[in-house]
Structures are given as structure tokens and as C-alpha cells.
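> run-v4.cif is the file, holding mmCIF, C-alpha atoms and all ligand atoms:
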```cif
data_target
loop_
_atom_site.label_atom_id
_atom_site.label_comp_id
_atom_site.auth_asym_id
_atom_site.auth_seq_id
_atom_site.Cartn_x
_atom_site.Cartn_y
_atom_site.Cartn_z
CA MET W 1 -7.42 24.96 -23.74
CA SER W 2 -9.95 22.58 -22.23
CA GLU W 3 -9.97 21.89 -18.53
CA PHE W 4 -8.39 18.59 -17.48
CA VAL W 5 -10.29 16.01 -15.46
CA LYS W 6 -8.20 13.31 -13.81
CA ILE W 7 -9.50 9.78 -14.17
CA VAL W 8 -8.26 7.20 -11.66
CA GLU W 9 -8.67 3.77 -13.24
CA VAL W 10 -9.67 1.30 -10.55
CA GLY W 11 -10.54 -1.68 -12.78
CA PRO W 12 -7.50 -3.84 -11.96
CA ARG W 13 -8.28 -3.42 -8.22
CA ASP W 14 -11.95 -2.63 -7.55
CA GLY W 15 -12.89 -4.31 -10.83
CA LEU W 16 -11.18 -7.61 -10.19
CA GLN W 17 -11.39 -7.92 -6.39
CA ASN W 18 -14.86 -9.43 -6.59
CA GLU W 19 -14.39 -11.87 -9.49
CA LYS W 20 -15.40 -15.44 -8.68
CA VAL W 21 -12.38 -16.85 -10.48
CA PRO W 22 -9.25 -14.76 -9.83
CA LEU W 23 -7.32 -13.73 -12.92
CA THR W 24 -3.71 -14.83 -13.23
CA LEU W 25 -0.95 -12.31 -12.64
CA ALA W 26 -0.23 -12.40 -16.40
CA GLN W 27 -3.87 -11.52 -17.19
CA ARG W 28 -3.88 -8.72 -14.60
CA LYS W 29 -0.63 -7.38 -16.06
CA THR W 30 -2.01 -7.40 -19.62
CA LEU W 31 -5.02 -5.41 -18.45
CA ILE W 32 -2.81 -2.77 -16.84
CA LEU W 33 -0.55 -2.53 -19.92
CA ASP W 34 -3.67 -2.04 -22.08
CA LEU W 35 -4.82 0.75 -19.74
CA ILE W 36 -1.42 2.45 -19.85
CA ALA W 37 -1.52 2.26 -23.66
CA ALA W 38 -4.95 3.95 -23.57
CA GLY W 39 -3.41 6.98 -21.81
CA LEU W 40 -4.54 6.39 -18.23
CA LYS W 41 -2.11 8.15 -15.92
CA SER W 42 -3.38 6.89 -12.58
CA ILE W 43 -4.11 3.19 -12.19
CA GLU W 44 -4.86 1.07 -9.13
CA VAL W 45 -2.76 -2.07 -9.60
CA GLY W 46 -4.17 -4.07 -6.66
CA SER W 47 -4.29 -4.32 -2.89
CA CYS W 48 -1.77 -5.43 -0.28
CA VAL W 49 -4.43 -7.01 1.91
CA SER W 50 -4.89 -10.44 3.42
CA ALA W 51 -5.15 -13.10 0.70
CA LYS W 52 -7.47 -14.96 3.08
CA TRP W 53 -9.88 -12.02 2.90
CA VAL W 54 -9.50 -11.09 -0.79
CA PRO W 55 -7.75 -13.90 -2.71
CA GLN W 56 -8.33 -12.10 -6.01
CA MET W 57 -5.76 -9.47 -4.99
CA ALA W 58 -3.05 -11.91 -3.88
CA HIS W 59 0.49 -11.04 -5.06
CA SER W 60 -0.39 -7.47 -6.01
CA ASP W 61 3.11 -6.45 -4.90
CA ALA W 62 4.66 -8.98 -7.31
CA LEU W 63 2.41 -7.65 -10.05
CA TYR W 64 3.54 -4.11 -9.31
CA ALA W 65 7.18 -5.23 -9.59
CA GLN W 66 6.56 -6.53 -13.11
CA LEU W 67 5.12 -3.28 -14.45
CA PRO W 68 7.08 -0.68 -16.42
CA LYS W 69 7.71 2.47 -14.37
CA ASP W 70 7.13 5.94 -15.74
CA PRO W 71 7.26 9.06 -13.54
CA ASP W 72 4.14 10.38 -15.35
CA ILE W 73 2.07 7.31 -14.47
CA GLY W 74 0.84 6.73 -10.92
CA LEU W 75 0.57 3.01 -10.15
CA VAL W 76 -1.28 2.65 -6.86
CA LEU W 77 -1.50 -0.15 -4.29
CA LEU W 78 -4.13 -0.21 -1.52
CA THR W 79 -2.52 -0.64 1.91
CA PRO W 80 -4.87 -0.76 4.93
CA ASN W 81 -2.08 -1.16 7.49
CA LEU W 82 1.68 -1.10 7.96
CA LYS W 83 2.08 -4.72 6.89
CA GLY W 84 0.46 -3.92 3.54
CA PHE W 85 2.46 -0.72 3.22
CA GLU W 86 5.74 -2.54 3.81
CA SER W 87 4.91 -4.97 0.96
CA ALA W 88 4.22 -2.01 -1.32
CA LEU W 89 7.39 -0.22 -0.26
CA ALA W 90 9.52 -3.33 -0.83
CA VAL W 91 8.64 -3.28 -4.53
CA GLY W 92 9.26 0.47 -4.87
CA CYS W 93 5.64 1.63 -4.95
CA GLN W 94 5.41 5.45 -5.06
CA GLU W 95 1.71 5.84 -4.26
CA VAL W 96 -0.60 3.94 -1.91
CA ALA W 97 -4.19 4.31 -0.76
CA VAL W 98 -5.64 3.83 2.70
CA PHE W 99 -9.34 3.13 3.10
CA THR W 100 -11.90 3.56 5.82
CA ALA W 101 -15.62 4.35 5.91
CA ALA W 102 -18.19 6.83 7.14
CA SER W 103 -20.06 3.84 8.60
CA GLU W 104 -18.79 1.95 11.66
CA SER W 105 -20.42 -1.31 10.55
CA PHE W 106 -18.87 -1.16 7.09
CA ALA W 107 -15.42 -0.41 8.51
CA ARG W 108 -15.73 -3.52 10.72
CA LYS W 109 -16.83 -5.77 7.87
CA ASN W 110 -14.30 -4.42 5.40
CA ILE W 111 -11.15 -3.88 7.44
CA ASN W 112 -12.03 -5.59 10.71
CA CYS W 113 -11.74 -2.51 12.92
CA SER W 114 -13.60 0.62 13.99
CA ILE W 115 -13.16 3.93 12.18
CA ASP W 116 -10.96 5.23 15.04
CA GLU W 117 -8.83 2.09 14.95
CA SER W 118 -8.42 2.45 11.17
CA PHE W 119 -6.99 5.94 11.76
CA GLU W 120 -4.49 4.53 14.27
CA LYS W 121 -3.28 2.11 11.57
CA PHE W 122 -3.18 4.88 8.95
CA ALA W 123 -1.05 7.07 11.24
CA ASP W 124 1.71 4.43 11.02
CA VAL W 125 1.25 4.03 7.25
CA ILE W 126 1.30 7.77 6.58
CA ALA W 127 4.31 8.47 8.83
CA THR W 128 6.31 5.71 7.10
CA ALA W 129 5.09 6.80 3.66
CA GLN W 130 6.14 10.39 4.31
CA ALA W 131 9.57 9.25 5.44
CA HIS W 132 9.95 7.46 2.07
CA HIS W 133 8.31 10.20 -0.04
CA VAL W 134 5.42 7.92 -0.99
CA LYS W 135 2.12 9.64 -1.81
CA VAL W 136 -0.96 8.55 0.12
CA ARG W 137 -4.53 8.77 -1.18
CA GLY W 138 -7.49 8.26 1.14
CA TYR W 139 -10.84 6.56 0.64
CA VAL W 140 -14.09 6.98 2.55
CA SER W 141 -16.68 4.29 1.81
CA CYS W 142 -20.47 4.53 2.26
CA ILE W 143 -20.77 8.27 1.66
CA VAL W 144 -24.53 8.06 1.07
CA ASP W 145 -25.81 4.64 2.15
CA CYS W 146 -24.29 1.72 4.03
CA PRO W 147 -25.40 -1.86 3.32
CA TYR W 148 -25.61 -2.46 7.11
CA GLU W 149 -26.67 0.93 8.56
CA GLY W 150 -28.72 2.57 5.80
CA ALA W 151 -28.49 6.34 5.23
CA ILE W 152 -25.28 8.05 6.38
CA ASP W 153 -25.19 11.62 7.67
CA PRO W 154 -23.24 13.90 5.26
CA GLN W 155 -21.64 15.58 8.30
CA GLN W 156 -20.12 12.24 9.29
CA VAL W 157 -18.71 11.87 5.76
CA ALA W 158 -17.21 15.36 5.97
CA LYS W 159 -15.68 14.57 9.36
CA VAL W 160 -13.95 11.38 8.19
CA THR W 161 -12.86 13.00 4.91
CA LYS W 162 -11.31 16.00 6.68
CA ARG W 163 -9.57 13.72 9.14
CA LEU W 164 -7.94 11.74 6.31
CA TYR W 165 -6.83 14.93 4.57
CA GLU W 166 -5.44 16.48 7.74
CA MET W 167 -3.59 13.28 8.50
CA GLY W 168 -1.64 13.59 5.24
CA CYS W 169 -3.68 12.15 2.36
CA TYR W 170 -3.09 14.39 -0.67
CA GLU W 171 -6.54 13.52 -2.04
CA VAL W 172 -9.60 11.84 -0.58
CA SER W 173 -11.89 9.77 -2.78
CA LEU W 174 -15.50 9.57 -1.64
CA GLY W 175 -16.87 6.09 -2.29
CA GLU W 176 -20.54 5.65 -3.14
CA THR W 177 -20.02 2.01 -2.38
CA ILE W 178 -23.41 0.46 -3.12
CA GLY W 179 -24.58 2.65 -5.98
CA THR W 180 -27.90 3.69 -4.43
CA ALA W 181 -27.27 7.45 -4.43
CA THR W 182 -29.14 10.01 -6.50
CA PRO W 183 -27.76 13.49 -7.36
CA ASP W 184 -29.81 15.32 -4.69
CA ARG W 185 -28.14 13.25 -1.96
CA VAL W 186 -24.70 13.50 -3.56
CA LYS W 187 -25.12 17.28 -3.60
CA LYS W 188 -25.64 17.29 0.18
CA VAL W 189 -22.48 15.22 0.72
CA TRP W 190 -20.35 17.56 -1.41
CA ASN W 191 -21.89 20.59 0.32
CA ALA W 192 -20.83 19.18 3.69
CA CYS W 193 -17.31 18.31 2.49
CA LEU W 194 -16.79 21.53 0.55
CA ALA W 195 -17.56 23.49 3.70
CA GLU W 196 -14.41 21.89 5.16
CA LEU W 197 -12.07 21.24 2.22
CA ASP W 198 -11.19 22.59 -1.21
CA SER W 199 -12.61 20.74 -4.23
CA SER W 200 -9.04 20.21 -5.52
CA VAL W 201 -8.37 17.59 -2.82
CA LEU W 202 -11.57 15.61 -3.34
CA ALA W 203 -12.49 12.84 -5.78
CA GLY W 204 -15.69 10.94 -6.59
CA HIS W 205 -15.93 7.14 -6.70
CA PHE W 206 -19.36 6.04 -7.89
CA HIS W 207 -20.67 2.52 -8.21
CA ASN W 208 -23.44 2.07 -10.74
CA THR W 209 -25.87 -0.46 -9.25
CA TYR W 210 -28.95 1.64 -10.09
CA GLY W 211 -27.50 3.32 -13.18
CA MET W 212 -27.09 6.64 -11.38
CA ALA W 213 -23.29 6.99 -11.48
CA ILE W 214 -23.15 9.29 -14.52
CA ALA W 215 -25.90 11.51 -13.07
CA ASN W 216 -24.00 11.64 -9.78
CA ILE W 217 -20.78 12.54 -11.58
CA TYR W 218 -22.56 15.33 -13.46
CA GLN W 219 -23.77 16.65 -10.10
CA SER W 220 -20.22 16.45 -8.76
CA LEU W 221 -18.82 18.32 -11.78
CA GLU W 222 -21.39 21.06 -11.15
CA GLN W 223 -19.98 21.39 -7.63
CA GLY W 224 -16.39 21.66 -8.86
CA ILE W 225 -15.07 18.10 -8.46
CA ARG W 226 -12.46 17.31 -11.12
CA VAL W 227 -11.18 13.84 -10.17
CA PHE W 228 -13.21 10.66 -10.71
CA ASP W 229 -12.51 6.98 -10.23
CA SER W 230 -13.85 4.60 -12.85
CA SER W 231 -13.44 1.05 -13.99
CA ILE W 232 -12.84 -0.29 -17.48
CA ALA W 233 -15.91 -2.17 -18.75
CA GLY W 234 -17.72 -1.16 -15.53
CA LEU W 235 -16.06 -4.00 -13.63
CA GLY W 236 -16.17 -4.03 -9.89
CA GLY W 237 -17.85 -4.36 -6.57
CA CYS W 238 -16.78 -4.79 -3.00
CA PRO W 239 -16.68 -8.22 -1.37
CA TYR W 240 -18.18 -6.61 1.76
CA ALA W 241 -21.07 -4.86 -0.01
CA LYS W 242 -23.28 -7.68 -1.29
CA GLY W 243 -25.32 -6.85 -4.39
CA ALA W 244 -23.36 -3.70 -5.21
CA SER W 245 -22.32 -3.64 -8.84
CA GLY W 246 -19.29 -2.25 -10.62
CA ASN W 247 -17.97 1.27 -10.82
CA VAL W 248 -19.02 3.70 -13.49
CA SER W 249 -17.33 2.48 -16.67
CA THR W 250 -14.31 4.44 -17.85
CA GLU W 251 -15.88 4.39 -21.33
CA ASP W 252 -19.10 6.15 -20.19
CA LEU W 253 -17.11 8.60 -18.06
CA TYR W 254 -14.94 9.39 -21.10
CA TYR W 255 -18.08 10.09 -23.16
CA LEU W 256 -19.60 12.43 -20.57
CA LEU W 257 -16.38 14.35 -20.02
CA SER W 258 -15.30 14.66 -23.63
CA LYS W 259 -18.79 15.73 -24.79
CA MET W 260 -18.81 18.36 -22.03
CA GLY W 261 -15.51 19.72 -23.36
CA PHE W 262 -13.16 18.38 -20.70
CA ASP W 263 -9.75 16.95 -21.56
CA THR W 264 -9.14 13.40 -20.30
CA GLY W 265 -5.91 12.59 -22.13
CA LEU W 266 -7.36 9.24 -23.23
CA ASN W 267 -6.95 7.53 -26.60
CA ILE W 268 -10.48 6.28 -27.15
CA ASN W 269 -9.63 3.56 -29.69
CA LYS W 270 -7.03 2.07 -27.38
CA LEU W 271 -9.39 2.38 -24.43
CA MET W 272 -12.00 0.44 -26.37
CA GLN W 273 -9.44 -2.24 -27.19
CA ALA W 274 -8.61 -2.55 -23.48
CA SER W 275 -12.31 -2.79 -22.70
CA ARG W 276 -12.91 -5.47 -25.35
CA ASN W 277 -9.89 -7.50 -24.23
CA ILE W 278 -10.89 -7.67 -20.55
CA SER W 279 -14.54 -8.39 -21.40
CA GLN W 280 -13.34 -11.34 -23.52
CA VAL W 281 -11.02 -12.61 -20.77
CA LEU W 282 -13.89 -12.52 -18.27
CA ASN W 283 -16.42 -13.70 -20.86
CA ARG W 284 -18.64 -10.85 -19.78
CA GLN W 285 -20.96 -8.52 -21.63
CA ASN W 286 -19.76 -4.95 -21.14
CA PRO W 287 -22.50 -2.87 -19.41
CA SER W 288 -21.11 0.42 -20.81
CA HIS W 289 -23.59 2.22 -23.09
CA TYR W 290 -20.76 4.01 -24.84
CA ALA W 291 -18.99 0.71 -25.57
CA ALA W 292 -22.16 -0.77 -27.10
CA ALA W 293 -22.65 2.29 -29.33
CA TYR W 294 -18.97 2.39 -30.28
CA TRP W 295 -18.86 -1.21 -31.48
CA GLN W 296 -22.19 -0.84 -33.28
CA MET W 297 -20.81 2.18 -35.17
CA GLN W 298 -17.61 0.27 -35.99
CA SER W 299 -19.49 -2.68 -37.42
CA ALA W 300 -21.75 -0.39 -39.47
CA GLU W 301 -18.74 1.29 -41.16
P1 LIG W 401 -7.11 -8.59 10.36
O1 LIG W 401 -7.45 -10.05 10.36
O2 LIG W 401 -7.88 -7.69 11.25
O3 LIG W 401 -5.57 -8.35 10.60
O4 LIG W 401 -7.22 -8.07 8.85
P2 LIG W 401 -4.62 -8.80 11.73
O5 LIG W 401 -3.63 -7.68 11.88
O6 LIG W 401 -5.37 -9.28 12.94
O7 LIG W 401 -3.85 -10.07 11.07
C1 LIG W 401 -4.52 -11.31 10.80
C2 LIG W 401 -3.81 -12.00 9.67
O8 LIG W 401 -3.86 -11.21 8.48
C3 LIG W 401 -2.34 -12.27 9.95
O9 LIG W 401 -2.00 -13.45 9.23
C4 LIG W 401 -1.66 -11.11 9.29
O10 LIG W 401 -0.34 -11.38 8.92
C5 LIG W 401 -2.52 -10.92 8.03
P3 LIG W 401 -1.97 -14.91 9.95
O11 LIG W 401 -1.02 -14.75 11.09
O12 LIG W 401 -3.40 -15.16 10.41
O13 LIG W 401 -1.54 -15.83 8.86
N1 LIG W 401 -2.49 -9.56 7.50
C6 LIG W 401 -2.13 -9.26 6.25
N2 LIG W 401 -1.75 -10.04 5.20
C7 LIG W 401 -1.45 -9.39 4.06
N3 LIG W 401 -1.51 -8.05 3.90
C8 LIG W 401 -1.89 -7.26 4.92
C9 LIG W 401 -2.20 -7.88 6.17
N4 LIG W 401 -2.61 -7.38 7.36
C10 LIG W 401 -2.77 -8.43 8.18
N5 LIG W 401 -1.96 -5.95 4.75
C11 LIG W 401 -7.12 -6.58 7.00
C12 LIG W 401 -7.11 -6.71 8.53
C13 LIG W 401 -7.34 -5.12 6.65
C14 LIG W 401 -5.78 -7.04 6.45
C15 LIG W 401 -8.25 -7.46 6.46
O14 LIG W 401 -9.45 -7.05 7.06
C16 LIG W 401 -8.40 -7.40 4.97
O15 LIG W 401 -7.56 -7.85 4.23
N6 LIG W 401 -9.54 -6.84 4.48
C17 LIG W 401 -9.82 -6.72 3.07
C18 LIG W 401 -10.08 -5.29 2.77
C19 LIG W 401 -10.32 -5.08 1.27
O16 LIG W 401 -9.44 -5.34 0.48
N7 LIG W 401 -11.53 -4.59 0.92
C20 LIG W 401 -11.84 -4.23 -0.43
C21 LIG W 401 -11.18 -2.94 -0.82
S1 LIG W 401 -11.99 -1.48 -0.19
C22 LIG W 401 -13.23 -1.14 -1.34
O17 LIG W 401 -13.47 -1.90 -2.22
C23 LIG W 401 -13.96 0.17 -1.23
C24 LIG W 401 -13.47 1.21 -2.22
O18 LIG W 401 -13.53 0.73 -3.57
C25 LIG W 401 -14.31 2.49 -2.10
C26 LIG W 401 -15.82 2.23 -2.18
O19 LIG W 401 -16.29 1.73 -3.23
O20 LIG W 401 -16.46 2.53 -1.19
C27 LIG W 401 -12.01 1.59 -1.94
MG MG W 402 -15.28 0.79 -4.83
#
```
Output the file's structure in the form of C-alpha cells.


Amino acid sequence: MSEFVKIVEVGPRDGLQNEKVPLTLAQRKTLILDLIAAGLKSIEVGSCVSAKWVPQMAHSDALYAQLPKDPDIGLVLLTPNLKGFESALAVGCQEVAVFTAASESFARKNINCSIDESFEKFADVIATAQAHHVKVRGYVSCIVDCPYEGAIDPQQVAKVTKRLYEMGCYEVSLGETIGTATPDRVKKVWNACLAELDSSVLAGHFHNTYGMAIANIYQSLEQGIRVFDSSIAGLGGCPYAKGASGNVSTEDLYYLLSKMGFDTGLNINKLMQASRNISQVLNRQNPSHYAAAYWQMQSAE
């Protein structure tokens, strides 16, 4: 039997949080239903953050409430503090994500506090989550470069990652926020983290600004990482990382993993339908190479 690689679909959150014109709740819901139909078992629905900061993610709790619930499908809300967590809890959310950074400057710009202060807020979130049996995932941004500080020391990434894990996050996703990394640098980050933690509790989150995400994921696979975040149609970016482009597309990640013999559990035809639908809604050309080849093959048949 082939080895399973977990894909965490972040398109409805990371993908849409940077759109100039926010999608309606109905459009966001359709995207998530398409992704569920494609076989994705872990999907970020949105963020319970300040609508003044990220208007695109407003009413993510209401969106969550409208979605069908299935114990086999993890629907995740990002909750940077107790206020956000309480909104997620009120709609019955079973999994949340907290997010900080390996860079002090990025933490300040993104969540308006220092790294230490972010951990104080997460302590409240995690204690309340544990009391309600809600799973908590952790994120560390700027694992290679920071848009404000430049290169980040891999030891600092390992320190923040270990701290999140020890605090109670079941998995920590390492965010290559601005997509500048190359595999040699990614290798050093994993080496530092794997000296502290088992690969089974780590995930890779690669943005694709310089087209390096697939190479970085290959490097991560070589080092034993088996969980990756990706975004349908390569949507995405962070409002606090100017110029950074979307995540690796779920379509290209599917191609890499399936050709390497990994099981992803995805239905490729339904995934491509989801990808075509959201690209049409956003009136956007899909940057995925796999998607381009897929539709070319379909039209040639
Ligand atoms: P703050 O201003 O420091 O918070 O924001 P505050 O506690 O001082 O409160 C100020 C106001 O915000 C108050 O409202 C609060 O009620 C409200 P007012 O009295 O002024 O009307 N507030 C909230 N409202 C809704 N939900 C909440 C909440 N908390 C306070 N949870 C905060 C702190 C974190 C909320 C703010 O900085 C924020 O919303 N930041 C946005 C963070 C974000 O969504 N970033 C993008 C996601 S992270 C990412 O993309 C990276 C990742 O993909 C990995 C990678 O690629 O690296 C994960
Ligand atoms: Mg991201």
C-alpha cells in the first residue's frame, strides 16, 4: 500500500485573505464544498481575526456554521487569541490554528504583538481548547526569510516550533511566507527542527513567489515530512507580506505526490473542477502547471 501524505487545503483562508474584492459567504461556501467533493480531508475555512485587519475573512464563524460536518473532515478556523477562539467554539469548531512567527518584526505586523506575547495569548487559547477537546494546530511564519528582517536563523525557527508543540499544538506548520527559499536553506531549517521534534508533528507550508515551492516540498519529503499545506489554483498571500504570492497549488502538489507513489486520497477530476470554478469566480488565470496540462489534454481528447 502506498504511503499517505496529508494535504491541508488552505485556499479558502490563505488563498482568499488577500483578495482585493472579498468573496461572498455563498462563494466561499461553494469553494469549500467543491474541495470536500474532491476528497480533501483537512480544510482551512477562514480566520476569526479582526475584520478591520482582514475584511476578506469576516464572518468565518458564520461560514463554518453553514458547512456540513463529517468526523472524517477537519474544518479549521485560525484563532490568534481567546476572542477568536470563542467565536470558533460558539459554532462548534473542532480544530483551530494559532499563528506566530520566527521573526519579531513579522509577528508585530501580522498579529500586533511580540513572539512572547503571542505565546501568552496562545496559552489561553490552548487551555480553553483542551478543556473543550478542540484540536490546535500551530503555525510559524518566516522560517527562511522575513520581509522586514531578511534571513532568519534556523535555530530560532526550531525554538519557536518546539515551543508551540510543547504548549499543546498537535502539529506545527512551518510557513515559508514569502516564497524566497531554495531547498538548501529549507534543508537547514528541517535539520534544526528535526533535532528537536519528530517529523510526524511537522508540516510544510510553502509559498511559490519564485517558483521554488515544489522543489522545497521535494526536499522536505526527502527529510521525512509527510504533511503539506497547499492552495487550490495557487491562490494566496499574506496581507502583511507584500509581494509574496500564493501557496503551492494543490494541483501541482497532487502531481508531485502521486507521481512519486504517495497516496493523497484526492479525486483529481473533482479537484480540477474545484480549481476551474474558483478561477472563474476570481476571473484569474490558474498558475498551476498541472492544471494547464490537464485542460490541454482534455481539450485534445
Ligand atoms: P489587536 O488590535 O492587537 O487586538 O489585534 P486588541 O486585542 O487590541 O483589540 C483591538 C480590536 O480588535 C478590538 O475591537 C477587539 O475586539 C478586536 P474594537 O474594540 O477596536 O472594535 N479583536 C478581534 N476581533 C475579531 N476577532 C478577533 C479579535 N481580537 C481582537 N480574534 C489581532 C490583534 C490578532 C486580532 C489582529 O492583529 C489581526 O486580526 N491580525 C490579522 C492576522 C491575520 O489574519 N493574518 C493573516 C493570517 S497568518 C498568515 O497568513 C501566515 C500563514 O499563512 C503562514 C505563512 O504563510 O507564513 C498562517
Ligand atoms: Mg501562508

> At a cut-off of 9 Å, using all atoms listed in the file, what residues contact Leu235 in chain W? Leave out same-chain residues fewer than 3 positions from it and give the result as a list of chain:residue names.

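So the residues in contact are W:Val10, W:Gly11, W:Pro12, W:Asp14, W:Gly15, W:Leu16, W:Asn18, W:Ser230, W:Ser231, W:Ile232, W:Ser245, W:Gly246, W:Asn247, W:Val248, W:Ser249, W:Asn286, W:Pro287.
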
> Any chance you can output those residues with C-alpha atoms as a PDB file, keeping the file's coordinate frame?


```
ATOM      1  CA  VAL W  10      -9.670   1.300 -10.550  1.00  0.00           C
ATOM      2  CA  GLY W  11     -10.540  -1.680 -12.780  1.00  0.00           C
ATOM      3  CA  PRO W  12      -7.500  -3.840 -11.960  1.00  0.00           C
ATOM      4  CA  ASP W  14     -11.950  -2.630  -7.550  1.00  0.00           C
ATOM      5  CA  GLY W  15     -12.890  -4.310 -10.830  1.00  0.00           C
ATOM      6  CA  LEU W  16     -11.180  -7.610 -10.190  1.00  0.00           C
ATOM      7  CA  ASN W  18     -14.860  -9.430  -6.590  1.00  0.00           C
ATOM      8  CA  SER W 230     -13.850   4.600 -12.850  1.00  0.00           C
ATOM      9  CA  SER W 231     -13.440   1.050 -13.990  1.00  0.00           C
ATOM     10  CA  ILE W 232     -12.840  -0.290 -17.480  1.00  0.00           C
ATOM     11  CA  SER W 245     -22.320  -3.640  -8.840  1.00  0.00           C
ATOM     12  CA  GLY W 246     -19.290  -2.250 -10.620  1.00  0.00           C
ATOM     13  CA  ASN W 247     -17.970   1.270 -10.820  1.00  0.00           C
ATOM     14  CA  VAL W 248     -19.020   3.700 -13.490  1.00  0.00           C
ATOM     15  CA  SER W 249     -17.330   2.480 -16.670  1.00  0.00           C
ATOM     16  CA  ASN W 286     -19.760  -4.950 -21.140  1.00  0.00           C
ATOM     17  CA  PRO W 287     -22.500  -2.870 -19.410  1.00  0.00           C
TER      18      PRO W 287
END
```

> Give me, please, the distance in Å between CA of Ile111 in chain W and CA of Lys69 in chain W, quoted to one decimal.

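So the answer is 29.5 Å.
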
> Enumerate residues in contact with ligand LIG 401 (chain W): an atom-to-atom distance of at most 6 Å, counting all atoms listed in the file. Format the result as a list in words.

Asp14, Cys48, Val49, Ser50, Trp53, Val54, Pro80, Asn81, Lys83, Gly84, Phe99, Asn110, Ile111, Asn112, Tyr139, Ser141, Cys142, Gly175, Glu176, Thr177 and Cys238 of chain W

> If we count all atoms listed in the file, what is near Gly224 in chain W at a cut-off of 10 Å, once residues fewer than 4 positions away on the same chain are taken out, given as a list in words?

Trp190, Leu194, Asp198, Ser199, Ser200, Leu202, Tyr218, Gln219 and Ser220 of chain W

> Let me make sure I understand: among W:Val91, W:Ala107, W:Cys193, W:Glu251, which one has the smallest atom-to-atom distance to Lys270 in chain W if we use all atoms listed in the file?

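Closest residue, counting all atoms listed in the file: W:Glu251.
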
> Skipping near chain neighbours, those fewer than 5 positions away, what residues fall within 12 Å of Val21 in chain W using all atoms listed in the file, listed as a ChimeraX atom specification?

/W:16,54-57,281-283

> Atoms to include: C-alpha atoms. Write the selected residues as a CSV table (one decimal), in the frame of the given file.


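So the final result, stored in result36.csv, reads:
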```csv
chain,number,residue,atom,x,y,z
W,16,LEU,CA,-11.2,-7.6,-10.2
W,54,VAL,CA,-9.5,-11.1,-0.8
W,55,PRO,CA,-7.8,-13.9,-2.7
W,56,GLN,CA,-8.3,-12.1,-6.0
W,57,MET,CA,-5.8,-9.5,-5.0
W,281,VAL,CA,-11.0,-12.6,-20.8
W,282,LEU,CA,-13.9,-12.5,-18.3
W,283,ASN,CA,-16.4,-13.7,-20.9
```

> Using only C-alpha atoms, determine which residues lie at most 10 Å from range 167-170 of chain W, disregarding the query and same-chain residues fewer than 2 positions distant; provide the list as a PyMOL selection string.

chain W and resi 96-98+119+122-123+126-127+129-130+135-139+161-165+172-173+200-202
